[in-house]
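To keep things clear, I will list the structure first and then write my remarks on it.
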Amino acid sequence: MAAREHLRRADPVIAGLIDAHPDLDPRAWLAELPPMDAFGALLFQVVGQQLSLAATRAILDRVAALFDGRLPTPRQLLDCEPGELRRAGLSRRKIETLRDLAARFLDGRLSGKGLAGLADDEIESVLTEVKGVGPWTVHGFLIIALDRPDVLLPGDVALRRAVRQTYELDHRPDEQELLRLAARWRPYRTLAVSYLFASLFGPTERAGANRPSPAMPP
């Protein structure tokens, strides 16, 4: 695979992770989640802000239970009483964010097809117009919904912890340090991130678009 060979040549530390996880499927963890379209992936990301993966899954299960076991469409979410979503575990802020996103999908300002046709930075510009959606949420969306190959999560606490551990640093790198380190992984930063998460949590667990840390930004 060209991406793995590029990473091998670019970074001996990532090369070691590739050898340590020869059968890694970067997207295998998604099989444990409900099917998600573009809106569903954003819902997943917003729900997961500042929560562990286990807590995110638990809330998603309770939300899905309100809609016959499936994640809601934009129309269904807007028709749902906010109190029901609160009882499922969503904060008022997250409900407001999701309702804004749902309204934009319904009126055509956002669409899966439209977002898929944009470059990564254009998607970030469009989605961060929504209050409560920040770069971290967008980057997870790019990975989950669009399978974009060159996405980094510099604000992700778990990723920075994985870098500190794997590169044997004496400190947890800040966002700028991580960006500089990851420059060598281009244009396959998404895959490098997957190996780093695998080094921290195992090959079937995932932070990035989800996380075990309670300190992740939106």
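Residues in the structure tokens are numbered from 1 in each chain, the chains being A, B, ... in the order shown, and ligands are numbered from 1 in the order shown.
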
Hey, what's within 12 Å of Val63 in chain A if we count only C-alpha atoms and toss same-chain stuff fewer than 3 positions away? As a ChimeraX atom specification, please?
/A:34,40,43-44,47,56-60,66-73,76-77,80-90,95

Limited to N, CA and C atoms, could you put the picked residues into a file as an mmCIF file, in the first residue's frame?
data_model
loop_
_atom_site.group_PDB
_atom_site.id
_atom_site.type_symbol
_atom_site.label_atom_id
_atom_site.label_comp_id
_atom_site.auth_asym_id
_atom_site.auth_seq_id
_atom_site.Cartn_x
_atom_site.Cartn_y
_atom_site.Cartn_z
ATOM 1 N N PRO A 34 -23.621 2.727 14.914
ATOM 2 C CA PRO A 34 -24.751 2.723 13.972
ATOM 3 C C PRO A 34 -24.326 3.266 12.619
ATOM 4 N N GLY A 40 -25.409 12.143 10.414
ATOM 5 C CA GLY A 40 -25.158 11.222 11.515
ATOM 6 C C GLY A 40 -23.738 11.308 12.030
ATOM 7 N N LEU A 43 -23.526 14.385 14.101
ATOM 8 C CA LEU A 43 -24.191 14.122 15.373
ATOM 9 C C LEU A 43 -23.268 13.338 16.297
ATOM 10 N N PHE A 44 -22.648 12.314 15.751
ATOM 11 C CA PHE A 44 -21.713 11.486 16.516
ATOM 12 C C PHE A 44 -20.577 12.326 17.076
ATOM 13 N N VAL A 47 -21.932 14.783 19.847
ATOM 14 C CA VAL A 47 -22.218 14.023 21.071
ATOM 15 C C VAL A 47 -20.922 13.692 21.801
ATOM 16 N N THR A 56 -19.811 8.218 24.925
ATOM 17 C CA THR A 56 -20.408 8.614 23.645
ATOM 18 C C THR A 56 -21.319 7.524 23.113
ATOM 19 N N ARG A 57 -20.847 6.289 23.141
ATOM 20 C CA ARG A 57 -21.658 5.178 22.649
ATOM 21 C C ARG A 57 -22.930 5.019 23.471
ATOM 22 N N ALA A 58 -22.829 5.185 24.783
ATOM 23 C CA ALA A 58 -24.000 5.035 25.638
ATOM 24 C C ALA A 58 -25.060 6.079 25.306
ATOM 25 N N ILE A 59 -24.632 7.326 25.108
ATOM 26 C CA ILE A 59 -25.583 8.380 24.751
ATOM 27 C C ILE A 59 -26.163 8.127 23.369
ATOM 28 N N LEU A 60 -25.323 7.723 22.421
ATOM 29 C CA LEU A 60 -25.830 7.421 21.078
ATOM 30 C C LEU A 60 -26.887 6.333 21.129
ATOM 31 N N LEU A 66 -34.741 6.548 20.823
ATOM 32 C CA LEU A 66 -35.865 7.458 20.602
ATOM 33 C C LEU A 66 -36.385 7.385 19.172
ATOM 34 N N PHE A 67 -35.596 6.783 18.285
ATOM 35 C CA PHE A 67 -35.931 6.766 16.856
ATOM 36 C C PHE A 67 -35.870 5.345 16.305
ATOM 37 N N ASP A 68 -36.465 4.423 17.026
ATOM 38 C CA ASP A 68 -36.545 3.025 16.587
ATOM 39 C C ASP A 68 -35.180 2.407 16.335
ATOM 40 N N GLY A 69 -34.220 2.789 17.150
ATOM 41 C CA GLY A 69 -32.908 2.148 17.091
ATOM 42 C C GLY A 69 -31.957 2.709 16.060
ATOM 43 N N ARG A 70 -32.329 3.799 15.413
ATOM 44 C CA ARG A 70 -31.460 4.399 14.411
ATOM 45 C C ARG A 70 -31.164 5.851 14.792
ATOM 46 N N LEU A 71 -30.043 6.373 14.300
ATOM 47 C CA LEU A 71 -29.770 7.777 14.527
ATOM 48 C C LEU A 71 -30.788 8.623 13.765
ATOM 49 N N PRO A 72 -31.182 9.754 14.329
ATOM 50 C CA PRO A 72 -32.240 10.548 13.701
ATOM 51 C C PRO A 72 -31.797 11.249 12.427
ATOM 52 N N THR A 73 -32.747 11.454 11.547
ATOM 53 C CA THR A 73 -32.543 12.338 10.406
ATOM 54 C C THR A 73 -32.631 13.777 10.915
ATOM 55 N N GLN A 76 -36.228 14.457 11.941
ATOM 56 C CA GLN A 76 -36.591 13.791 13.184
ATOM 57 C C GLN A 76 -35.982 14.484 14.389
ATOM 58 N N LEU A 77 -34.759 14.932 14.252
ATOM 59 C CA LEU A 77 -34.133 15.593 15.387
ATOM 60 C C LEU A 77 -34.848 16.904 15.716
ATOM 61 N N CYS A 80 -38.080 16.299 17.505
ATOM 62 C CA CYS A 80 -37.956 15.702 18.836
ATOM 63 C C CYS A 80 -37.916 16.805 19.899
ATOM 64 N N GLU A 81 -38.636 16.594 20.988
ATOM 65 C CA GLU A 81 -38.610 17.560 22.081
ATOM 66 C C GLU A 81 -37.209 17.617 22.691
ATOM 67 N N PRO A 82 -36.667 18.821 22.861
ATOM 68 C CA PRO A 82 -35.337 18.929 23.472
ATOM 69 C C PRO A 82 -35.235 18.193 24.813
ATOM 70 N N GLY A 83 -36.330 18.153 25.551
ATOM 71 C CA GLY A 83 -36.304 17.452 26.829
ATOM 72 C C GLY A 83 -36.008 15.968 26.671
ATOM 73 N N GLU A 84 -36.495 15.378 25.603
ATOM 74 C CA GLU A 84 -36.198 13.967 25.338
ATOM 75 C C GLU A 84 -34.711 13.772 25.087
ATOM 76 N N LEU A 85 -34.114 14.685 24.344
ATOM 77 C CA LEU A 85 -32.677 14.592 24.075
ATOM 78 C C LEU A 85 -31.876 14.855 25.343
ATOM 79 N N ARG A 86 -32.374 15.751 26.192
ATOM 80 C CA ARG A 86 -31.705 15.977 27.465
ATOM 81 C C ARG A 86 -31.711 14.720 28.303
ATOM 82 N N ARG A 87 -32.855 14.036 28.346
ATOM 83 C CA ARG A 87 -32.941 12.801 29.137
ATOM 84 C C ARG A 87 -32.064 11.702 28.563
ATOM 85 N N ALA A 88 -31.753 11.783 27.271
ATOM 86 C CA ALA A 88 -30.849 10.800 26.655
ATOM 87 C C ALA A 88 -29.394 11.076 26.996
ATOM 88 N N GLY A 89 -29.125 12.260 27.570
ATOM 89 C CA GLY A 89 -27.770 12.553 28.013
ATOM 90 C C GLY A 89 -27.093 13.720 27.320
ATOM 91 N N LEU A 90 -27.797 14.411 26.435
ATOM 92 C CA LEU A 90 -27.194 15.535 25.715
ATOM 93 C C LEU A 90 -27.333 16.825 26.519
ATOM 94 N N ILE A 95 -27.465 20.142 22.193
ATOM 95 C CA ILE A 95 -28.765 20.097 21.517
ATOM 96 C C ILE A 95 -28.916 21.298 20.599
#

Contacts of Pro187 in chain A at 8 Å or less, counting only C-alpha atoms, minus same-chain residues fewer than 2 places along, as a PyMOL selection string?
chain A and resi 149-150+185+189

May I have the residues within 12 Å of Leu169 in chain A as a ChimeraX atom specification, using only C-alpha atoms and disregarding those fewer than 6 positions away in the same chain?
/A:160-163,177-178

Just N, CA and C atoms for this one: save the residues we selected as an mmCIF file, in the first residue's frame.
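As a result, again-v5.cif now contains:
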data_model
loop_
_atom_site.group_PDB
_atom_site.id
_atom_site.type_symbol
_atom_site.label_atom_id
_atom_site.label_comp_id
_atom_site.auth_asym_id
_atom_site.auth_seq_id
_atom_site.Cartn_x
_atom_site.Cartn_y
_atom_site.Cartn_z
ATOM 1 N N ARG A 160 -2.052 13.466 21.318
ATOM 2 C CA ARG A 160 -0.819 14.063 21.835
ATOM 3 C C ARG A 160 -0.186 13.162 22.896
ATOM 4 N N ARG A 161 -1.038 12.472 23.656
ATOM 5 C CA ARG A 161 -0.502 11.510 24.627
ATOM 6 C C ARG A 161 0.164 10.342 23.915
ATOM 7 N N ALA A 162 -0.450 9.876 22.824
ATOM 8 C CA ALA A 162 0.142 8.784 22.060
ATOM 9 C C ALA A 162 1.483 9.185 21.465
ATOM 10 N N VAL A 163 1.578 10.423 20.986
ATOM 11 C CA VAL A 163 2.843 10.911 20.427
ATOM 12 C C VAL A 163 3.907 10.978 21.521
ATOM 13 N N GLU A 177 3.673 21.778 17.932
ATOM 14 C CA GLU A 177 4.681 20.717 17.859
ATOM 15 C C GLU A 177 4.155 19.525 17.071
ATOM 16 N N LEU A 178 2.901 19.177 17.324
ATOM 17 C CA LEU A 178 2.309 18.043 16.621
ATOM 18 C C LEU A 178 2.183 18.328 15.135
#

I'd like to know which residues of range 55-113 of chain A are helix (DSSP H, G or I) (by DSSP, run on the backbone); could you write them as an NGL selection string?
:A and (55-65 or 74-79 or 82-87 or 92-107 or 112-113)

Shell around Leu17 in chain A at 9 Å using only C-alpha atoms, local window under 5 positions removed, as a ChimeraX atom specification
/A:12,22,166,192,195-196,198-199

Export, as a CSV table (one decimal), in the first residue's frame, the selected residues with C-alpha atoms.
chain,number,residue,atom,x,y,z
A,12,PRO,CA,11.0,5.3,11.5
A,22,PRO,CA,0.5,-5.5,10.5
A,166,THR,CA,5.6,6.6,21.1
A,192,ALA,CA,-0.4,7.8,10.8
A,195,TYR,CA,-1.4,3.8,14.0
A,196,LEU,CA,-0.8,6.2,16.9
A,198,ALA,CA,-3.7,1.8,17.9
A,199,SER,CA,-0.4,2.1,19.9

Rounded to one decimal, what separation in Å do you get between CA of Leu179 in chain A and CA of Gly155 in chain A?
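Computing it gives 10.0 Å between the two atoms.
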
Name all residues at most 9 Å from range 98-115 of chain A (count only C-alpha atoms; drop same-chain ones fewer than 4 positions away) and give them as a list in words.
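Everything that qualifies: Asp37, Ala38, Phe39, Leu42, Leu43, Val46, Val47, Thr73, Pro74, Arg75, Gln76, Leu77, Leu78, Arg93, Lys94, Ala119, Glu122, Ile123, Val126, Leu127, Val130, Lys131, Gly132, Ala145 and Leu146 of chain A.
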
Please produce a file of those selected residues containing C-alpha atoms, as a PDB file, in the first residue's frame.
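Now in selection_0.pdb:
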ATOM      1  CA  ASP A  37     -24.570   9.504   6.828  1.00  0.00           C
ATOM      2  CA  ALA A  38     -23.050  13.002   6.849  1.00  0.00           C
ATOM      3  CA  PHE A  39     -25.539  14.327   9.384  1.00  0.00           C
ATOM      4  CA  LEU A  42     -21.708  15.186  12.727  1.00  0.00           C
ATOM      5  CA  LEU A  43     -24.191  14.122  15.373  1.00  0.00           C
ATOM      6  CA  VAL A  46     -20.940  16.599  18.587  1.00  0.00           C
ATOM      7  CA  VAL A  47     -22.218  14.023  21.071  1.00  0.00           C
ATOM      8  CA  THR A  73     -32.543  12.338  10.406  1.00  0.00           C
ATOM      9  CA  PRO A  74     -32.379  16.140  10.538  1.00  0.00           C
ATOM     10  CA  ARG A  75     -36.190  16.305  10.389  1.00  0.00           C
ATOM     11  CA  GLN A  76     -36.591  13.791  13.184  1.00  0.00           C
ATOM     12  CA  LEU A  77     -34.133  15.593  15.387  1.00  0.00           C
ATOM     13  CA  LEU A  78     -35.904  18.920  14.944  1.00  0.00           C
ATOM     14  CA  ARG A  93     -25.405  23.352  24.260  1.00  0.00           C
ATOM     15  CA  LYS A  94     -25.038  20.182  22.232  1.00  0.00           C
ATOM     16  CA  ALA A 119     -11.793  20.607  -0.012  1.00  0.00           C
ATOM     17  CA  GLU A 122     -13.532  24.600   2.795  1.00  0.00           C
ATOM     18  CA  ILE A 123     -15.481  22.062   4.839  1.00  0.00           C
ATOM     19  CA  VAL A 126     -18.463  25.972   6.373  1.00  0.00           C
ATOM     20  CA  LEU A 127     -19.026  23.775   9.422  1.00  0.00           C
ATOM     21  CA  VAL A 130     -22.181  26.561  13.456  1.00  0.00           C
ATOM     22  CA  LYS A 131     -21.809  27.491  17.109  1.00  0.00           C
ATOM     23  CA  GLY A 132     -20.418  24.502  18.969  1.00  0.00           C
ATOM     24  CA  ALA A 145     -17.874  10.579   6.877  1.00  0.00           C
ATOM     25  CA  LEU A 146     -15.525  11.309   3.997  1.00  0.00           C
TER      26      LEU A 146
END

Distance CA of Val138 in chain A-CA of Ala2 in chain A, one decimal place?
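Answer for the CA of Val138 in chain A to CA of Ala2 in chain A separation: 25.9 Å.
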
With only C-alpha atoms as the counted atoms, please give the residues lying no more than 12 Å from His21 in chain A, apart from itself and same-chain residues fewer than 2 positions off, as a ChimeraX atom specification.
/A:4,14-19,23-26,192,194-200,202-204

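Considering the residues A:Arg186, A:Arg164, A:Arg148, A:Arg180 and counting only C-alpha atoms, Arg27 in chain A has its shortest atom-to-atom contact with A:Arg148.
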
In Å to one decimal, how far is CA of His6 in chain A from CA of Val157 in chain A?
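Distance between the two atoms: 25.6 Å.
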